[in-house]
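Asker: Contents of structure-v3.pdb (PDB, C-alpha atoms, pLDDT in the B column):
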```pdb
ATOM      1  CA  MET A 911       7.275-106.346 -51.648  1.00 42.00           C
ATOM      2  CA  LYS A 912       5.806-102.822 -51.778  1.00 41.00           C
ATOM      3  CA  THR A 913       4.155-103.434 -48.415  1.00 41.00           C
ATOM      4  CA  GLY A 914       7.520-104.371 -46.864  1.00 40.00           C
ATOM      5  CA  ILE A 915       9.180-101.263 -48.267  1.00 35.00           C
ATOM      6  CA  SER A 916       6.314 -99.077 -47.031  1.00 37.00           C
ATOM      7  CA  ILE A 917       6.580-100.543 -43.529  1.00 37.00           C
ATOM      8  CA  ALA A 918      10.370-100.033 -43.519  1.00 37.00           C
ATOM      9  CA  LEU A 919       9.985 -96.407 -44.647  1.00 37.00           C
ATOM     10  CA  ALA A 920       7.305 -95.763 -42.018  1.00 39.00           C
ATOM     11  CA  ALA A 921       9.548 -97.238 -39.300  1.00 38.00           C
ATOM     12  CA  LEU A 922      12.481 -95.100 -40.486  1.00 37.00           C
ATOM     13  CA  ALA A 923      10.336 -91.958 -40.492  1.00 38.00           C
ATOM     14  CA  LEU A 924       9.108 -92.734 -36.976  1.00 35.00           C
ATOM     15  CA  ALA A 925      12.688 -93.256 -35.804  1.00 35.00           C
ATOM     16  CA  LEU A 926      13.818 -89.970 -37.357  1.00 33.00           C
ATOM     17  CA  PHE A 927      11.058 -87.957 -35.711  1.00 34.00           C
ATOM     18  CA  ALA A 928      10.587 -89.748 -32.385  1.00 35.00           C
ATOM     19  CA  VAL A 929      14.187 -90.444 -31.347  1.00 35.00           C
ATOM     20  CA  PRO A 930      15.492 -86.826 -31.340  1.00 36.00           C
ATOM     21  CA  ASP A 931      12.753 -85.795 -28.897  1.00 40.00           C
ATOM     22  CA  ALA A 932      13.682 -88.583 -26.493  1.00 38.00           C
ATOM     23  CA  TYR A 933      17.440 -88.391 -27.121  1.00 41.00           C
ATOM     24  CA  GLY A 934      19.224 -87.402 -23.924  1.00 45.00           C
ATOM     25  CA  LYS A 935      16.268 -88.034 -21.625  1.00 44.00           C
ATOM     26  CA  SER A 936      16.060 -90.913 -19.235  1.00 42.00           C
ATOM     27  CA  GLY A 937      12.867 -89.856 -17.489  1.00 48.00           C
ATOM     28  CA  PRO A 938      12.857 -87.053 -14.963  1.00 74.00           C
ATOM     29  CA  GLU A 939      16.408 -87.846 -13.754  1.00 91.00           C
ATOM     30  CA  LEU A 940      19.546 -87.228 -15.811  1.00 92.00           C
ATOM     31  CA  ASP A 941      22.799 -88.964 -14.835  1.00 94.00           C
ATOM     32  CA  ILE A 942      25.712 -87.081 -16.421  1.00 94.00           C
ATOM     33  CA  ARG A 943      29.490 -87.611 -16.405  1.00 96.00           C
ATOM     34  CA  LEU A 944      31.708 -84.659 -17.288  1.00 96.00           C
ATOM     35  CA  SER A 945      35.273 -84.490 -18.595  1.00 97.00           C
ATOM     36  CA  GLY A 946      37.156 -81.490 -19.860  1.00 97.00           C
ATOM     37  CA  SER A 947      39.382 -78.630 -18.826  1.00 97.00           C
ATOM     38  CA  SER A 948      39.435 -75.913 -16.185  1.00 95.00           C
ATOM     39  CA  PHE A 949      41.237 -72.585 -16.372  1.00 93.00           C
ATOM     40  CA  ILE A 950      41.526 -69.795 -13.820  1.00 92.00           C
ATOM     41  CA  THR A 951      40.139 -66.667 -15.471  1.00 92.00           C
ATOM     42  CA  SER A 952      40.679 -64.184 -12.650  1.00 91.00           C
ATOM     43  CA  SER A 953      44.046 -62.478 -12.527  1.00 91.00           C
ATOM     44  CA  GLN A 954      46.364 -60.529 -10.303  1.00 90.00           C
ATOM     45  CA  ASP A 955      47.375 -56.910 -10.924  1.00 91.00           C
ATOM     46  CA  ASP A 956      50.289 -58.053 -13.131  1.00 92.00           C
ATOM     47  CA  GLY A 957      47.946 -60.124 -15.320  1.00 90.00           C
ATOM     48  CA  THR A 958      49.048 -63.566 -14.118  1.00 90.00           C
ATOM     49  CA  PRO A 959      46.347 -66.027 -13.041  1.00 90.00           C
ATOM     50  CA  THR A 960      45.145 -65.889  -9.447  1.00 90.00           C
ATOM     51  CA  PRO A 961      47.091 -68.445  -7.350  1.00 89.00           C
ATOM     52  CA  ALA A 962      45.214 -71.539  -6.137  1.00 84.00           C
ATOM     53  CA  THR A 963      45.723 -70.309  -2.572  1.00 86.00           C
ATOM     54  CA  GLU A 964      43.436 -67.290  -3.123  1.00 92.00           C
ATOM     55  CA  ALA A 965      39.794 -66.679  -4.019  1.00 93.00           C
ATOM     56  CA  SER A 966      39.404 -67.060  -7.776  1.00 94.00           C
ATOM     57  CA  THR A 967      37.098 -67.420 -10.746  1.00 95.00           C
ATOM     58  CA  SER A 968      37.545 -70.287 -13.199  1.00 95.00           C
ATOM     59  CA  LEU A 969      35.940 -71.543 -16.383  1.00 96.00           C
ATOM     60  CA  GLN A 970      35.313 -75.218 -17.151  1.00 97.00           C
ATOM     61  CA  SER A 971      34.311 -76.775 -20.465  1.00 97.00           C
ATOM     62  CA  GLY A 972      34.189 -80.190 -22.061  1.00 96.00           C
ATOM     63  CA  ILE A 973      31.939 -83.086 -22.980  1.00 96.00           C
ATOM     64  CA  ALA A 974      29.114 -84.693 -21.037  1.00 94.00           C
ATOM     65  CA  LYS A 975      28.237 -88.372 -21.329  1.00 92.00           C
ATOM     66  CA  GLY A 976      25.078 -90.097 -20.147  1.00 84.00           C
ATOM     67  CA  SER A 977      21.572 -88.768 -20.688  1.00 77.00           C
ATOM     68  CA  GLY A 978      22.501 -87.744 -24.232  1.00 81.00           C
ATOM     69  CA  SER A 979      25.582 -86.191 -25.753  1.00 85.00           C
ATOM     70  CA  ALA A 980      26.187 -82.626 -24.652  1.00 94.00           C
ATOM     71  CA  ILE A 981      28.953 -80.147 -24.228  1.00 97.00           C
ATOM     72  CA  PHE A 982      29.169 -78.307 -20.943  1.00 96.00           C
ATOM     73  CA  SER A 983      30.490 -74.980 -19.807  1.00 97.00           C
ATOM     74  CA  ALA A 984      30.625 -73.677 -16.258  1.00 96.00           C
ATOM     75  CA  GLN A 985      31.887 -70.673 -14.362  1.00 96.00           C
ATOM     76  CA  THR A 986      32.983 -71.284 -10.782  1.00 96.00           C
ATOM     77  CA  VAL A 987      33.885 -68.781  -8.070  1.00 96.00           C
ATOM     78  CA  ILE A 988      35.709 -70.145  -5.035  1.00 94.00           C
ATOM     79  CA  GLU A 989      36.170 -68.312  -1.775  1.00 95.00           C
ATOM     80  CA  GLN A 990      39.590 -67.999  -0.111  1.00 94.00           C
ATOM     81  CA  PRO A 991      40.801 -71.545   0.728  1.00 95.00           C
ATOM     82  CA  LEU A 992      41.048 -71.885   4.523  1.00 95.00           C
ATOM     83  CA  PRO A 993      41.236 -74.826   6.928  1.00 96.00           C
ATOM     84  CA  ASP A 994      37.751 -76.356   6.677  1.00 96.00           C
ATOM     85  CA  ALA A 995      36.147 -78.980   8.945  1.00 96.00           C
ATOM     86  CA  ARG A 996      34.110 -80.335   5.982  1.00 96.00           C
ATOM     87  CA  CYS A 997      37.327 -81.452   4.297  1.00 97.00           C
ATOM     88  CA  PRO A 998      39.355 -84.649   4.831  1.00 96.00           C
ATOM     89  CA  ALA A 999      42.910 -84.520   6.202  1.00 96.00           C
ATOM     90  CA  GLU A1000      44.487 -85.054   2.756  1.00 96.00           C
ATOM     91  CA  LEU A1001      42.601 -82.013   1.367  1.00 96.00           C
ATOM     92  CA  PRO A1002      42.605 -79.723   4.433  1.00 96.00           C
ATOM     93  CA  PHE A1003      41.729 -76.405   2.787  1.00 96.00           C
ATOM     94  CA  GLY A1004      38.315 -75.476   1.469  1.00 96.00           C
ATOM     95  CA  ASN A1005      35.454 -73.041   1.478  1.00 96.00           C
ATOM     96  CA  ASP A1006      32.175 -72.235  -0.237  1.00 96.00           C
ATOM     97  CA  LEU A1007      31.802 -71.935  -3.983  1.00 96.00           C
ATOM     98  CA  THR A1008      29.221 -70.876  -6.534  1.00 96.00           C
ATOM     99  CA  THR A1009      28.917 -72.205 -10.037  1.00 96.00           C
ATOM    100  CA  SER A1010      26.659 -71.941 -13.056  1.00 96.00           C
ATOM    101  CA  VAL A1011      26.501 -74.815 -15.548  1.00 96.00           C
ATOM    102  CA  VAL A1012      25.102 -74.912 -19.082  1.00 97.00           C
ATOM    103  CA  LEU A1013      24.632 -78.178 -21.004  1.00 96.00           C
ATOM    104  CA  THR A1014      24.157 -77.823 -24.774  1.00 96.00           C
ATOM    105  CA  TYR A1015      22.869 -80.908 -26.598  1.00 94.00           C
ATOM    106  CA  ASN A1016      23.337 -81.991 -30.234  1.00 93.00           C
ATOM    107  CA  ASP A1017      19.767 -80.996 -31.116  1.00 93.00           C
ATOM    108  CA  GLY A1018      20.360 -77.448 -29.798  1.00 94.00           C
ATOM    109  CA  SER A1019      18.504 -77.986 -26.518  1.00 95.00           C
ATOM    110  CA  ILE A1020      20.022 -76.212 -23.514  1.00 96.00           C
ATOM    111  CA  LEU A1021      19.732 -76.956 -19.808  1.00 96.00           C
ATOM    112  CA  SER A1022      21.123 -74.530 -17.231  1.00 96.00           C
ATOM    113  CA  ALA A1023      21.646 -74.810 -13.477  1.00 96.00           C
ATOM    114  CA  THR A1024      23.257 -72.917 -10.629  1.00 97.00           C
ATOM    115  CA  THR A1025      24.427 -73.820  -7.141  1.00 95.00           C
ATOM    116  CA  GLY A1026      22.854 -72.955  -3.831  1.00 84.00           C
ATOM    117  CA  THR A1027      24.490 -72.225  -0.491  1.00 86.00           C
ATOM    118  CA  ASP A1028      25.493 -75.822   0.341  1.00 92.00           C
ATOM    119  CA  SER A1029      28.231 -76.164  -2.299  1.00 96.00           C
ATOM    120  CA  PHE A1030      31.883 -76.264  -1.255  1.00 96.00           C
ATOM    121  CA  PHE A1031      35.347 -77.442  -2.271  1.00 97.00           C
ATOM    122  CA  CYS A1032      38.328 -79.078  -0.566  1.00 97.00           C
ATOM    123  CA  SER A1033      41.930 -78.774  -1.731  1.00 95.00           C
ATOM    124  CA  ASP A1034      45.581 -79.432  -0.992  1.00 94.00           C
ATOM    125  CA  GLY A1035      46.554 -76.477  -3.194  1.00 89.00           C
ATOM    126  CA  VAL A1036      46.852 -78.612  -6.347  1.00 90.00           C
ATOM    127  CA  LEU A1037      43.908 -81.013  -6.332  1.00 95.00           C
ATOM    128  CA  PHE A1038      40.423 -79.534  -5.892  1.00 96.00           C
ATOM    129  CA  VAL A1039      37.369 -81.662  -5.080  1.00 97.00           C
ATOM    130  CA  ALA A1040      33.931 -80.019  -5.056  1.00 97.00           C
ATOM    131  CA  GLU A1041      30.439 -80.979  -3.953  1.00 97.00           C
ATOM    132  CA  PHE A1042      27.516 -79.161  -5.569  1.00 95.00           C
ATOM    133  CA  VAL A1043      23.844 -78.754  -4.713  1.00 96.00           C
ATOM    134  CA  GLY A1044      21.616 -76.427  -6.673  1.00 96.00           C
ATOM    135  CA  THR A1045      18.603 -75.703  -8.820  1.00 97.00           C
ATOM    136  CA  VAL A1046      17.797 -76.028 -12.506  1.00 96.00           C
ATOM    137  CA  THR A1047      17.296 -72.478 -13.755  1.00 95.00           C
ATOM    138  CA  GLY A1048      15.780 -73.145 -17.164  1.00 92.00           C
ATOM    139  CA  GLY A1049      16.423 -74.297 -20.656  1.00 93.00           C
ATOM    140  CA  ASP A1050      15.568 -74.175 -24.332  1.00 95.00           C
ATOM    141  CA  GLY A1051      14.367 -76.756 -26.829  1.00 94.00           C
ATOM    142  CA  ARG A1052      13.207 -79.915 -25.094  1.00 91.00           C
ATOM    143  CA  PHE A1053      14.191 -78.341 -21.745  1.00 94.00           C
ATOM    144  CA  GLU A1054      12.044 -75.208 -22.292  1.00 94.00           C
ATOM    145  CA  GLY A1055      10.826 -74.010 -18.879  1.00 92.00           C
ATOM    146  CA  ALA A1056      12.758 -76.745 -17.039  1.00 94.00           C
ATOM    147  CA  THR A1057      12.882 -76.636 -13.244  1.00 94.00           C
ATOM    148  CA  GLY A1058      14.269 -79.029 -10.697  1.00 95.00           C
ATOM    149  CA  THR A1059      17.288 -79.706  -8.535  1.00 95.00           C
ATOM    150  CA  TRP A1060      20.760 -81.102  -9.111  1.00 96.00           C
ATOM    151  CA  GLU A1061      23.720 -82.361  -7.152  1.00 96.00           C
ATOM    152  CA  GLY A1062      27.157 -83.417  -8.162  1.00 95.00           C
ATOM    153  CA  THR A1063      30.834 -83.773  -7.539  1.00 97.00           C
ATOM    154  CA  ALA A1064      33.840 -82.604  -9.516  1.00 97.00           C
ATOM    155  CA  GLN A1065      37.581 -82.949  -9.333  1.00 97.00           C
ATOM    156  CA  VAL A1066      40.108 -80.528 -10.829  1.00 95.00           C
ATOM    157  CA  ASP A1067      43.675 -81.780 -11.108  1.00 94.00           C
ATOM    158  CA  GLY A1068      45.821 -79.159 -12.800  1.00 90.00           C
ATOM    159  CA  THR A1069      43.702 -78.135 -15.773  1.00 92.00           C
ATOM    160  CA  ARG A1070      41.826 -81.471 -16.078  1.00 96.00           C
ATOM    161  CA  VAL A1071      38.261 -81.598 -14.734  1.00 97.00           C
ATOM    162  CA  THR A1072      36.019 -84.618 -14.251  1.00 97.00           C
ATOM    163  CA  GLY A1073      32.645 -84.737 -12.592  1.00 96.00           C
ATOM    164  CA  ASN A1074      29.281 -86.414 -12.057  1.00 96.00           C
ATOM    165  CA  LEU A1075      25.900 -84.695 -11.976  1.00 95.00           C
ATOM    166  CA  ILE A1076      22.451 -85.989 -11.128  1.00 95.00           C
ATOM    167  CA  VAL A1077      19.702 -83.673 -12.378  1.00 95.00           C
ATOM    168  CA  ASP A1078      16.154 -84.258 -11.091  1.00 95.00           C
ATOM    169  CA  LEU A1079      13.722 -82.463 -13.378  1.00 93.00           C
ATOM    170  CA  ASP A1080      10.261 -81.586 -12.042  1.00 90.00           C
TER     171      ASP A1080
END
```
What is this file in structure tokens?
Answerer:
Amino acid sequence: MKTGISIALAALALALFAVPDAYGKSGPELDIRLSGSSFITSSQDDGTPTPATEASTSLQSGIAKGSGSAIFSAQTVIEQPLPDARCPAELPFGNDLTTSVVLTYNDGSILSATTGTDSFFCSDGVLFVAEFVGTVTGGDGRFEGATGTWEGTAQVDGTRVTGNLIVDLD
């Protein structure tokens, strides 16, 4: 009986120490789904938020599912929405954007990324759909010194944001 208890305790100890290191990792590629909120943080001279028809800065935050449990925060700057050939007829206005994303995991690990020059959005003035391409800019904890690339899509409808990211760690 003591042998059985010893084996059970050893297995529990292994699970407690081994699982947190692997938690959130699925090899060198992370597949992440985002859901949360988005708020325009830039404002006009009178203090009201910048209209969706102008260049603006916004902040997104929420939860991330897949490749571990994380919370995410992002800051996005969009250029003046103009007619854009990259956009479909139902979302005729668009332009370039830049964004920085930070994922914070339950164990305190952090992964950060930023976009490159190939990221853009399309909009009808209410619905915004974005495509991102960028680089992993670092991390802490299990992502200490992380590098790599990422790509993703996001949709903002009012203040609701949803998205998908694929992160390819080197």
Asker: Using only C-alpha atoms, which of the listed residues (A:Val1043, A:Ile981, A:Leu944, A:Leu992) sits closest to Ala1064 in chain A?
Answerer: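 Answer, going by the shortest atom-to-atom distance: A:Leu944.
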Asker: If you measure from CA of Ala962 in chain A to CA of Gly1062 in chain A, what distance in Å do you get, rounded to one decimal?
Answerer: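 It comes out at 21.7 Å.
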Asker: Exactly which residues make up the result of the PyMOL selection byres ((chain A and resi 1079) around 9) on this file, given as a PyMOL selection string?
Answerer: chain A and resi 937-940+1046+1056-1060+1077-1078+1080
Asker: Any idea what the distance is between CA of Gln1065 in chain A and CA of Gly946 in chain A?
Answerer: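 These two atoms are separated by 10.6 Å.
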Asker: Between CA of Asp955 in chain A and CA of Asp994 in chain A, measure the distance and give it in Å to one decimal.
Answerer: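 Rounded to one decimal, the two atoms are 27.9 Å apart.
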Asker: Could you tell me, as an MDAnalysis selection string, exactly which residues end up selected when the PyMOL selection byres ((chain A and resi 973) around 9) is applied to this structure?
Answerer: chainID A and resid 943:946 971:972 974:975 979:983
Asker: Which residue out of A:Ile950, A:Val1011, A:Ile1020, A:Ile988 has the minimum interatomic distance to Leu1075 in chain A when only C-alpha atoms are used?
Answerer: A:Val1011
Asker: Pick out the closest residue to Gly1026 in chain A from this set: A:Ile1076, A:Val1012, A:Cys997, A:Leu1007. Count all atoms listed in the file.
Answerer: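 Under the stated criterion, the closest residue is A:Leu1007.
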Asker: Write out as a compact mmCIF listing (two decimals) with C-alpha atoms, in the coordinates of the input each polymer residue whose atoms come within 8 Å of Ser968 in chain A, counting only C-alpha atoms; drop sequence neighbours fewer than 6 positions from it.
Answerer:
```txt
# COMPACT_ATOMS: atom_id res chain seq x y z
CA SER A 948 39.44 -75.91 -16.18
CA PHE A 949 41.24 -72.58 -16.37
CA ILE A 950 41.53 -69.80 -13.82
CA THR A 951 40.14 -66.67 -15.47
CA SER A 952 40.68 -64.18 -12.65
CA GLN A 985 31.89 -70.67 -14.36
CA THR A 986 32.98 -71.28 -10.78
CA VAL A 987 33.88 -68.78 -8.07
```
Asker: If you apply the PyMOL selection byres ((chain A and resi 998) around 12) to this file, what residues do you get, as a list in words?
Answerer: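 That selection, the PyMOL selection byres ((chain A and resi 998) around 12), comes back as Pro993, Asp994, Ala995, Arg996, Cys997, Ala999, Glu1000, Leu1001, Pro1002, Phe1003, Gly1004, Phe1031, Cys1032, Ser1033, Asp1034, Phe1038 and Val1039 of chain A.
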Asker: Select, from A:Thr1009, A:Val1036, A:Glu1041, A:Gly1055, the residue with the minimum atom-to-atom distance to Leu1021 in chain A, counting all atoms listed in the file.
Answerer: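 Answer, going by the shortest atom-to-atom distance: A:Gly1055.
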Asker: Closest to Ser977 in chain A among A:Asp941, A:Thr1063, A:Asp1006, A:Thr1014, using all atoms listed in the file?
Answerer: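 Looking at the shortest contact to Ser977 in chain A, the residue is A:Asp941.
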Asker: Please report, as AutoDock Vina command-line options, the centre and edge lengths in Å to one decimal of an axis-aligned box covering all listed atoms of range 1038-1056 of chain A with 8 Å per side.
Answerer:
```
--center_x 25.6 --center_y -77.1 --center_z -15.4 --size_x 45.6 --size_y 25.2 --size_z 38.9
```
